[in-house]
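Peer 1: What follows is the file coords03.txt, containing compact mmCIF, C-alpha atoms and all ligand atoms:
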# COMPACT_ATOMS: atom_id res chain seq x y z
CA MET A 12 0.00 0.00 0.00
CA THR A 13 1.78 3.10 -1.18
CA ASN A 14 0.99 6.73 -1.79
CA PRO A 15 1.64 8.18 -5.25
CA PRO A 16 5.39 8.76 -5.72
CA ARG A 17 6.33 12.38 -4.99
CA SER A 18 7.18 12.88 -8.65
CA GLU A 19 3.53 12.23 -9.54
CA LEU A 20 2.21 14.84 -7.15
CA SER A 21 1.02 18.02 -8.74
CA PRO A 22 2.78 21.10 -7.32
CA GLU A 23 0.20 23.55 -8.72
CA PRO A 24 -3.54 23.73 -9.35
CA LYS A 25 -4.52 23.18 -12.99
CA SER A 26 -5.21 26.79 -13.80
CA SER A 27 -2.91 29.43 -12.43
CA PRO A 28 -4.90 32.30 -10.86
CA GLU A 29 -1.98 34.66 -11.52
CA ALA A 30 -2.90 34.52 -15.20
CA LEU A 31 -6.29 36.17 -14.67
CA PRO A 32 -6.50 39.63 -16.19
CA LEU A 33 -8.12 41.37 -13.22
CA HIS A 34 -5.64 44.24 -13.45
CA ALA A 35 -7.24 45.05 -16.83
CA PHE A 36 -10.71 45.55 -15.33
CA ASN A 37 -11.57 49.18 -15.89
CA GLY A 38 -15.19 49.14 -14.79
CA HIS A 39 -16.74 49.69 -11.36
CA LEU A 40 -17.23 46.81 -8.94
CA VAL A 41 -19.52 47.33 -5.97
CA LEU A 42 -19.27 44.81 -3.14
CA VAL A 43 -22.29 44.80 -0.84
CA GLY A 44 -21.30 43.04 2.38
CA ALA A 45 -17.61 42.58 3.17
CA GLY A 46 -17.79 39.91 5.86
CA GLN A 47 -16.27 36.41 5.72
CA MET A 48 -17.18 35.70 2.11
CA GLY A 49 -17.17 39.21 0.66
CA GLY A 50 -13.88 39.94 2.45
CA ALA A 51 -12.26 36.76 1.10
CA LEU A 52 -13.35 37.69 -2.42
CA LEU A 53 -12.06 41.24 -2.03
CA ALA A 54 -8.68 40.05 -0.77
CA GLY A 55 -8.40 37.61 -3.69
CA TRP A 56 -9.25 40.28 -6.25
CA LEU A 57 -6.72 42.73 -4.84
CA LYS A 58 -4.05 40.04 -4.72
CA LEU A 59 -4.58 39.39 -8.43
CA GLY A 60 -4.21 43.03 -9.30
CA LEU A 61 -7.72 44.47 -9.30
CA ALA A 62 -7.16 48.23 -8.96
CA PRO A 63 -8.54 49.40 -5.59
CA GLN A 64 -10.00 52.55 -7.17
CA ARG A 65 -12.25 50.26 -9.26
CA VAL A 66 -13.95 48.99 -6.10
CA THR A 67 -16.61 50.40 -3.80
CA VAL A 68 -17.58 48.54 -0.64
CA ILE A 69 -20.96 48.99 0.98
CA ASP A 70 -20.98 47.62 4.49
CA PRO A 71 -21.93 49.49 7.67
CA LYS A 72 -19.65 47.35 9.82
CA PRO A 73 -17.04 45.23 8.06
CA PRO A 74 -14.97 43.01 10.38
CA ALA A 75 -11.79 44.73 11.64
CA ALA A 76 -9.42 42.65 9.48
CA ILE A 77 -11.33 43.50 6.31
CA ARG A 78 -11.74 47.12 7.33
CA ALA A 79 -7.93 47.23 7.57
CA VAL A 80 -7.62 45.89 4.00
CA ILE A 81 -10.16 48.44 2.76
CA ASP A 82 -8.31 51.29 4.49
CA ALA A 83 -4.84 50.11 3.46
CA HIS A 84 -5.87 50.15 -0.21
CA GLY A 85 -7.86 53.37 0.02
CA ILE A 86 -11.02 51.61 -1.18
CA ALA A 87 -14.21 53.70 -1.12
CA LEU A 88 -16.34 52.54 1.81
CA ASP A 89 -20.00 53.54 1.97
CA PRO A 90 -19.65 56.65 -0.20
CA PRO A 91 -22.79 58.83 -0.18
CA LYS A 92 -23.38 58.49 -3.93
CA PRO A 93 -21.67 55.46 -5.49
CA ALA A 94 -21.52 55.38 -9.29
CA LEU A 95 -23.47 52.81 -11.28
CA ALA A 96 -21.92 49.34 -10.98
CA ASP A 97 -20.61 47.20 -13.82
CA VAL A 98 -20.52 44.34 -11.34
CA LEU A 99 -22.62 44.34 -8.18
CA VAL A 100 -21.64 41.55 -5.79
CA LEU A 101 -24.17 40.70 -3.09
CA ALA A 102 -22.44 39.08 -0.11
CA ILE A 103 -24.88 39.89 2.67
CA LYS A 104 -26.78 37.32 4.72
CA PRO A 105 -29.77 35.91 2.83
CA GLN A 106 -32.04 36.95 5.70
CA MET A 107 -31.09 40.62 5.00
CA ALA A 108 -31.41 40.40 1.25
CA ASP A 109 -34.99 41.60 0.96
CA GLU A 110 -34.14 44.66 3.03
CA VAL A 111 -30.78 45.49 1.40
CA MET A 112 -31.33 44.65 -2.30
CA PRO A 113 -33.83 47.49 -2.88
CA LEU A 114 -31.32 49.92 -1.28
CA VAL A 115 -28.69 49.14 -3.96
CA LYS A 116 -31.07 48.72 -6.89
CA HIS A 117 -30.21 52.21 -8.16
CA LEU A 118 -26.61 51.03 -8.76
CA VAL A 119 -27.82 48.47 -11.30
CA GLY A 120 -28.09 49.66 -14.89
CA ARG A 121 -28.47 48.16 -18.34
CA THR A 122 -24.87 46.88 -18.44
CA THR A 123 -24.55 45.70 -14.83
CA VAL A 124 -24.10 42.08 -13.93
CA VAL A 125 -25.42 41.21 -10.46
CA VAL A 126 -23.47 38.44 -8.75
CA SER A 127 -24.95 36.86 -5.64
CA VAL A 128 -23.02 34.63 -3.27
CA MET A 129 -26.04 34.34 -0.98
CA ALA A 130 -27.30 30.92 -0.02
CA GLY A 131 -30.85 30.24 -1.12
CA LYS A 132 -31.71 33.48 -2.89
CA THR A 133 -33.00 32.56 -6.35
CA ILE A 134 -32.33 34.26 -9.66
CA ALA A 135 -36.10 34.84 -9.94
CA ARG A 136 -36.08 36.76 -6.65
CA MET A 137 -33.18 38.93 -7.82
CA GLU A 138 -34.90 39.58 -11.16
CA GLN A 139 -37.96 40.74 -9.22
CA VAL A 140 -35.83 43.36 -7.48
CA PHE A 141 -33.33 44.36 -10.17
CA GLY A 142 -35.58 43.95 -13.23
CA GLN A 143 -36.74 41.03 -15.35
CA ASP A 144 -33.98 41.75 -17.89
CA ALA A 145 -31.18 42.16 -15.33
CA ALA A 146 -28.09 40.01 -15.86
CA VAL A 147 -27.76 37.83 -12.77
CA VAL A 148 -25.25 35.17 -11.72
CA ARG A 149 -26.15 33.16 -8.64
CA THR A 150 -23.13 31.56 -7.02
CA ILE A 151 -22.12 29.68 -3.93
CA PRO A 152 -18.44 29.85 -2.95
CA ASN A 153 -16.85 28.43 0.20
CA THR A 154 -14.49 29.73 2.88
CA PRO A 155 -11.25 28.15 1.54
CA ALA A 156 -11.60 31.10 -0.85
CA ALA A 157 -9.74 32.98 1.90
CA VAL A 158 -6.59 31.04 0.93
CA GLY A 159 -7.30 30.97 -2.80
CA ARG A 160 -8.48 27.35 -2.60
CA GLY A 161 -12.23 27.75 -2.74
CA ILE A 162 -14.67 26.22 -5.16
CA THR A 163 -17.67 28.10 -6.45
CA GLY A 164 -20.77 26.80 -8.20
CA ALA A 165 -22.29 29.42 -10.50
CA ALA A 166 -25.49 29.65 -12.53
CA ALA A 167 -26.23 32.52 -14.93
CA ASN A 168 -29.55 33.74 -16.26
CA ARG A 169 -30.04 34.24 -19.98
CA HIS A 170 -29.30 37.97 -19.82
CA VAL A 171 -25.65 37.42 -18.89
CA ASN A 172 -23.56 38.04 -22.01
CA GLU A 173 -20.28 36.33 -22.83
CA ALA A 174 -18.10 39.24 -21.70
CA GLN A 175 -19.93 39.36 -18.35
CA ARG A 176 -19.60 35.61 -17.96
CA VAL A 177 -15.85 35.78 -18.58
CA LEU A 178 -15.50 38.69 -16.16
CA VAL A 179 -17.47 36.86 -13.44
CA ASP A 180 -15.45 33.71 -14.09
CA ASN A 181 -12.24 35.70 -13.60
CA LEU A 182 -13.53 37.26 -10.39
CA LEU A 183 -14.58 33.91 -8.95
CA SER A 184 -11.43 32.16 -10.17
CA ALA A 185 -9.40 34.67 -8.18
CA VAL A 186 -10.27 32.67 -5.06
CA GLY A 187 -10.27 29.14 -6.42
CA ARG A 188 -12.02 26.95 -8.96
CA VAL A 189 -15.34 27.56 -10.63
CA GLU A 190 -18.02 25.12 -11.78
CA TRP A 191 -20.63 26.63 -14.11
CA LEU A 192 -23.93 24.85 -13.59
CA GLU A 193 -26.44 24.02 -16.31
CA ARG A 194 -29.30 24.20 -13.86
CA GLU A 195 -29.88 26.78 -11.16
CA ASP A 196 -31.67 24.29 -8.91
CA TRP A 197 -28.43 22.29 -8.52
CA ILE A 198 -27.10 25.20 -6.48
CA ASP A 199 -29.00 24.12 -3.37
CA VAL A 200 -27.16 20.80 -3.44
CA VAL A 201 -23.86 22.51 -4.34
CA THR A 202 -24.41 24.65 -1.23
CA ALA A 203 -24.89 21.50 0.84
CA VAL A 204 -21.79 19.79 -0.58
CA SER A 205 -19.11 22.46 -1.09
CA GLY A 206 -20.62 25.66 0.33
CA SER A 207 -21.15 24.14 3.77
CA GLY A 208 -18.63 21.34 3.19
CA PRO A 209 -15.62 22.95 4.91
CA ALA A 210 -17.61 22.81 8.16
CA TYR A 211 -17.92 19.04 7.83
CA VAL A 212 -14.16 18.72 7.39
CA PHE A 213 -13.46 20.94 10.40
CA LEU A 214 -15.95 18.87 12.38
CA LEU A 215 -13.99 15.81 11.36
CA ALA A 216 -10.84 17.39 12.83
CA GLU A 217 -12.72 18.18 16.05
CA THR A 218 -14.33 14.76 16.30
CA LEU A 219 -11.16 12.84 15.54
CA ALA A 220 -9.35 14.83 18.24
CA ARG A 221 -12.07 14.06 20.77
CA ALA A 222 -11.99 10.39 19.86
CA GLY A 223 -8.21 10.33 20.36
CA ALA A 224 -8.58 11.96 23.76
CA ALA A 225 -11.37 9.55 24.69
CA ALA A 226 -9.03 6.68 23.78
CA GLY A 227 -6.39 7.94 26.21
CA LEU A 228 -4.25 10.65 24.57
CA PRO A 229 -3.70 14.07 26.16
CA GLU A 230 -6.24 16.46 24.59
CA ASP A 231 -3.66 18.81 23.07
CA LEU A 232 -1.71 15.96 21.49
CA ALA A 233 -4.90 14.46 20.04
CA ALA A 234 -5.86 17.88 18.66
CA ARG A 235 -2.46 18.33 16.98
CA LEU A 236 -2.60 14.85 15.46
CA ALA A 237 -6.13 15.31 14.13
CA ARG A 238 -5.42 18.75 12.72
CA ALA A 239 -2.22 17.70 10.96
CA THR A 240 -3.98 14.66 9.56
CA VAL A 241 -6.77 16.70 8.00
CA GLU A 242 -4.28 19.26 6.67
CA GLY A 243 -1.99 16.60 5.24
CA ALA A 244 -4.73 14.43 3.77
CA GLY A 245 -6.26 17.52 2.11
CA GLU A 246 -2.90 18.49 0.64
CA LEU A 247 -2.27 14.94 -0.60
CA LEU A 248 -5.67 14.91 -2.29
CA TYR A 249 -5.01 18.35 -3.77
CA ARG A 250 -1.70 17.33 -5.18
CA SER A 251 -2.95 14.01 -6.57
CA PRO A 252 -5.51 15.26 -9.11
CA ALA A 253 -5.38 12.04 -11.13
CA VAL A 254 -5.97 9.76 -8.14
CA GLU A 255 -9.47 9.01 -6.87
CA PRO A 256 -10.08 9.64 -3.15
CA ALA A 257 -11.03 5.98 -2.83
CA VAL A 258 -7.56 4.97 -4.07
CA LEU A 259 -5.87 7.30 -1.57
CA ARG A 260 -8.04 5.71 1.09
CA GLN A 261 -7.09 2.20 -0.05
CA ASN A 262 -3.42 3.24 0.07
CA VAL A 263 -3.78 3.75 3.83
CA THR A 264 -5.58 0.46 4.33
CA SER A 265 -3.43 -2.62 4.91
CA PRO A 266 -5.29 -5.94 4.63
CA ASN A 267 -6.77 -6.75 7.98
CA GLY A 268 -4.83 -3.85 9.53
CA THR A 269 -5.86 -0.97 11.76
CA THR A 270 -7.45 1.22 9.08
CA HIS A 271 -9.49 -1.74 7.86
CA ALA A 272 -10.82 -2.16 11.40
CA ALA A 273 -11.81 1.52 11.59
CA LEU A 274 -13.33 1.60 8.11
CA GLN A 275 -15.54 -1.36 8.94
CA VAL A 276 -17.18 0.89 11.51
CA LEU A 277 -17.23 4.06 9.38
CA MET A 278 -18.43 2.32 6.22
CA ALA A 279 -21.02 0.06 7.88
CA ALA A 280 -24.65 0.34 6.80
CA ASP A 281 -25.20 2.71 9.73
CA GLY A 282 -21.82 4.43 9.35
CA ILE A 283 -21.04 7.85 7.89
CA GLY A 284 -22.64 7.16 4.49
CA PRO A 285 -26.23 7.59 5.65
CA VAL A 286 -25.19 10.33 8.09
CA PHE A 287 -23.67 12.37 5.25
CA GLU A 288 -26.68 11.76 3.02
CA ALA A 289 -28.93 13.05 5.78
CA ALA A 290 -26.66 16.04 6.41
CA VAL A 291 -26.52 17.02 2.74
CA ALA A 292 -30.30 16.56 2.45
CA ALA A 293 -30.83 18.81 5.49
CA ALA A 294 -28.56 21.55 4.11
CA THR A 295 -30.20 21.30 0.67
CA LYS A 296 -33.63 21.66 2.26
CA ARG A 297 -32.47 24.67 4.26
CA SER A 298 -31.02 26.30 1.15
CA ARG A 299 -34.42 25.92 -0.55
CA GLU A 300 -36.16 27.40 2.49
CA LEU A 301 -33.87 30.45 2.38
CA ALA A 302 -35.30 31.26 -1.04
CA GLY A 303 -38.52 32.49 0.56
N1 LIG B 1 -19.52 31.82 5.20
C1 LIG B 1 -19.62 30.86 4.29
O1 LIG B 1 -19.07 29.75 4.43
C2 LIG B 1 -20.39 31.11 3.04
C3 LIG B 1 -21.29 32.14 2.96
N2 LIG B 1 -22.02 32.32 1.83
C4 LIG B 1 -22.98 33.39 1.75
O2 LIG B 1 -22.28 34.60 1.85
C5 LIG B 1 -23.13 35.59 2.42
C6 LIG B 1 -22.38 36.31 3.52
O3 LIG B 1 -22.05 35.36 4.50
P1 LIG B 1 -20.82 35.63 5.46
O4 LIG B 1 -19.78 36.37 4.73
O5 LIG B 1 -20.52 34.34 6.11
O6 LIG B 1 -21.53 36.60 6.51
P2 LIG B 1 -20.86 37.76 7.36
O7 LIG B 1 -21.83 38.03 8.47
O8 LIG B 1 -19.45 37.43 7.68
O9 LIG B 1 -20.88 39.00 6.36
C7 LIG B 1 -22.01 39.76 6.09
C8 LIG B 1 -21.57 41.20 6.00
O10 LIG B 1 -22.71 41.97 5.61
C9 LIG B 1 -22.59 43.21 6.27
N3 LIG B 1 -23.86 43.93 6.27
C10 LIG B 1 -24.81 43.93 7.23
N4 LIG B 1 -25.79 44.79 6.88
C11 LIG B 1 -25.46 45.33 5.69
C12 LIG B 1 -26.06 46.28 4.85
N5 LIG B 1 -27.23 46.84 5.14
N6 LIG B 1 -25.42 46.62 3.71
C13 LIG B 1 -24.23 46.06 3.39
N7 LIG B 1 -23.61 45.15 4.16
C14 LIG B 1 -24.21 44.77 5.29
C15 LIG B 1 -22.10 42.85 7.65
O11 LIG B 1 -21.55 43.99 8.32
C16 LIG B 1 -21.07 41.78 7.33
O12 LIG B 1 -19.77 42.34 7.17
C17 LIG B 1 -24.37 34.87 2.92
O13 LIG B 1 -25.44 35.14 2.06
C18 LIG B 1 -24.00 33.41 2.87
O14 LIG B 1 -25.12 32.60 2.54
C19 LIG B 1 -21.85 31.53 0.73
C20 LIG B 1 -20.97 30.50 0.76
C21 LIG B 1 -20.18 30.18 1.92
O1 LIG B 2 -24.35 28.24 6.42
C1 LIG B 2 -24.68 28.97 5.48
O2 LIG B 2 -25.88 29.26 5.31
C2 LIG B 2 -23.64 29.53 4.53
C3 LIG B 2 -23.91 29.06 3.13
C4 LIG B 2 -22.88 28.00 2.85
C5 LIG B 2 -21.96 28.11 3.98
N1 LIG B 2 -22.36 28.96 4.86
In structure tokens, what does this structure look like?
Peer 2:
Amino acid sequence: MTNPPRSELSPEPKSSPEALPLHAFNGHLVLVGAGQMGGALLAGWLKLGLAPQRVTVIDPKPPAAIRAVIDAHGIALDPPKPALADVLVLAIKPQMADEVMPLVKHLVGRTTVVVSVMAGKTIARMEQVFGQDAAVVRTIPNTPAAVGRGITGAAANRHVNEAQRVLVDNLLSAVGRVEWLEREDWIDVVTAVSGSGPAYVFLLAETLARAGAAAGLPEDLAARLARATVEGAGELLYRSPAVEPAVLRQNVTSPNGTTHAALQVLMAADGIGPVFEAAVAAATKRSRELAG
């Protein structure tokens, strides 16, 4: 049972974000909500050369770390009269959307593309607010965007033209990979799998640490072991793009060894398979509820 030889590991993601022409963007990007997700996007755009004077942020109370980025780059924050947006990114909580969207509607013109990262909020709902012919892209990123390793599912309405689609692709690719979806309704499941997914992985690190402590290790040692294991396994998966996760799993599993014993529990009929199906179903259902 062996891991892929080091020479077969990929040192880089397939597409290099450095190649994205964000420095060439000469329009106006308005970011509404610069919290976890909006802030991660903003940091990614700036890192790839988006000119700070091209950006306006609307947020009454961005977190301190993001406020520092905004101030350091001299980005306009809550100006009294922002200019019309070429790209309007909505990164507020879905529960606030109905209150906030009408307040920024005047920034949306004939050539604006509206990009939502909000869970649940449908394209139809955004068309109601911004106009039936508004160009809208509904997306769902995830928090590894903060380290340029996110993945975003995106669905566009028929008013999004090719140039807007390329621009949005570049903006989203600044923080990781992008999957364009044929069907908007897949987004609720995408939200459940990759949008919320990092939480499941962090929970795994927490749970594995607790299990190690319960089996007799000092808590801090168990926490370090679990954390390094999740970090390392993620990196191995990342750098083995041609190897299926199941093969990486089999590489750990000696016949009748310790991993085999653990996997018999985890992969039993009442193991994590059904638990994950139920979790993804619950998150999908919640995403659909947030549409309302
Ligand atoms: N956190 C995550 O893992 C992911 C979040 N999302 C979506 O991203 C959106 C934002 O979520 P987070 O960044 O986690 O939330 P957050 O709470 O970190 O950020 C929301 C931001 O909106 C700001 N805000 C509040 N009122 C506002 C107003 N009237 N105008 C402008 N900004 C206002 C807040 O000050 C805050 O900075 C949500 O719709 C969520 O569904 C999508 C994928 C993953
Ligand atoms: O929990 C949420 O609703 C947001 C959407 C995906 C991740 N966080």
Peer 1: When distances are computed from only C-alpha atoms and all ligand atoms, which of A:Pro90, A:Pro63, A:Gly131, A:Gly55 shows the smallest separation from ligand LIG 1 (chain B)?
Peer 2: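 For ligand LIG 1 (chain B), the nearest of the candidates is A:Gly131.
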Peer 1: Hey, which residues sit close to ligand LIG 2 (chain B)? Say within 6 Å, counting all atoms listed in the file, and write them as a PyMOL selection string.
Peer 2: chain A and resi 130+202+206-207
Peer 1: Distance CA of Gln175 (chain A)-CA of Val148 (chain A), one decimal place?
Peer 2: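 Computed distance, CA of Gln175 (chain A) to CA of Val148 (chain A), equals 9.5 Å.
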Peer 1: For region 188-190 of chain A, list every protein, DNA or RNA residue within 7 Å, evaluated using only C-alpha atoms, and leave out those in the same chain fewer than 6 positions away; present the list as a PyMOL selection string.
Peer 2: chain A and resi 161-165
Peer 1: What's the separation between CA of Gln64 (chain A) and CA of Asp89 (chain A), in Å to one decimal place?
Peer 2: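 Distance between the two atoms: 13.6 Å.
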Peer 1: Looking at A:Met129, A:Leu42, A:Ala185, A:Ala62, which one is nearest to Leu99 (chain A), with distances taken over all atoms listed in the file?
Peer 2: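 Of all the options, A:Leu42 lies closest to Leu99 (chain A).
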Peer 1: Under the rule that all atoms listed in the file are counted, which of A:Arg238, A:His170, A:His34, A:Lys104 is the nearest residue to ligand LIG 1 (chain B)?
Peer 2: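 Using all atoms listed in the file, the shortest distance to ligand LIG 1 (chain B) belongs to A:Lys104.
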Peer 1: Using only C-alpha atoms and all ligand atoms, find the one residue out of A:Pro32, A:Pro105, A:Gly38, A:Pro155 that sits nearest to ligand LIG 1 (chain B).
Peer 2: A:Pro105
Peer 1: May I ask which of the residues A:Ala75, A:Glu110, A:Gly227, A:Asp144 is the closest one to Gln47 (chain A), counting all atoms listed in the file?
Peer 2: A:Ala75
Peer 1: With distances taken over all atoms listed in the file, which of A:Leu33, A:Val258, A:Val177, A:Leu215 is nearest to Ala239 (chain A)?
Peer 2: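 Checking each of A:Leu33, A:Val258, A:Val177, A:Leu215 against Ala239 (chain A), counting all atoms listed in the file, the winner is A:Leu215.
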Peer 1: Please check which residues have atoms at most 9 Å from (-29.4, 40.6, -14.3) in the file's coordinates, counting all atoms listed in the file, and write them as a list of chain:residue names.
Peer 2: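 Checking each residue against the 9 Å limit leaves A:Val119, A:Arg121, A:Thr122, A:Thr123, A:Val124, A:Val125, A:Val126, A:Ile134, A:Met137, A:Glu138, A:Phe141, A:Gly142, A:Gln143, A:Asp144, A:Ala145, A:Ala146, A:Val147, A:Val148, A:Ala167, A:Asn168, A:Arg169, A:His170, A:Val171.
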Peer 1: Report as a ChimeraX atom specification all protein, DNA and RNA residues lying within 10 Å of Leu219 (chain A), evaluated on all atoms listed in the file, omitting residues in the same chain fewer than 5 positions from it.
Peer 2: /A:213-214,224-225,233-234,236-238,240-241
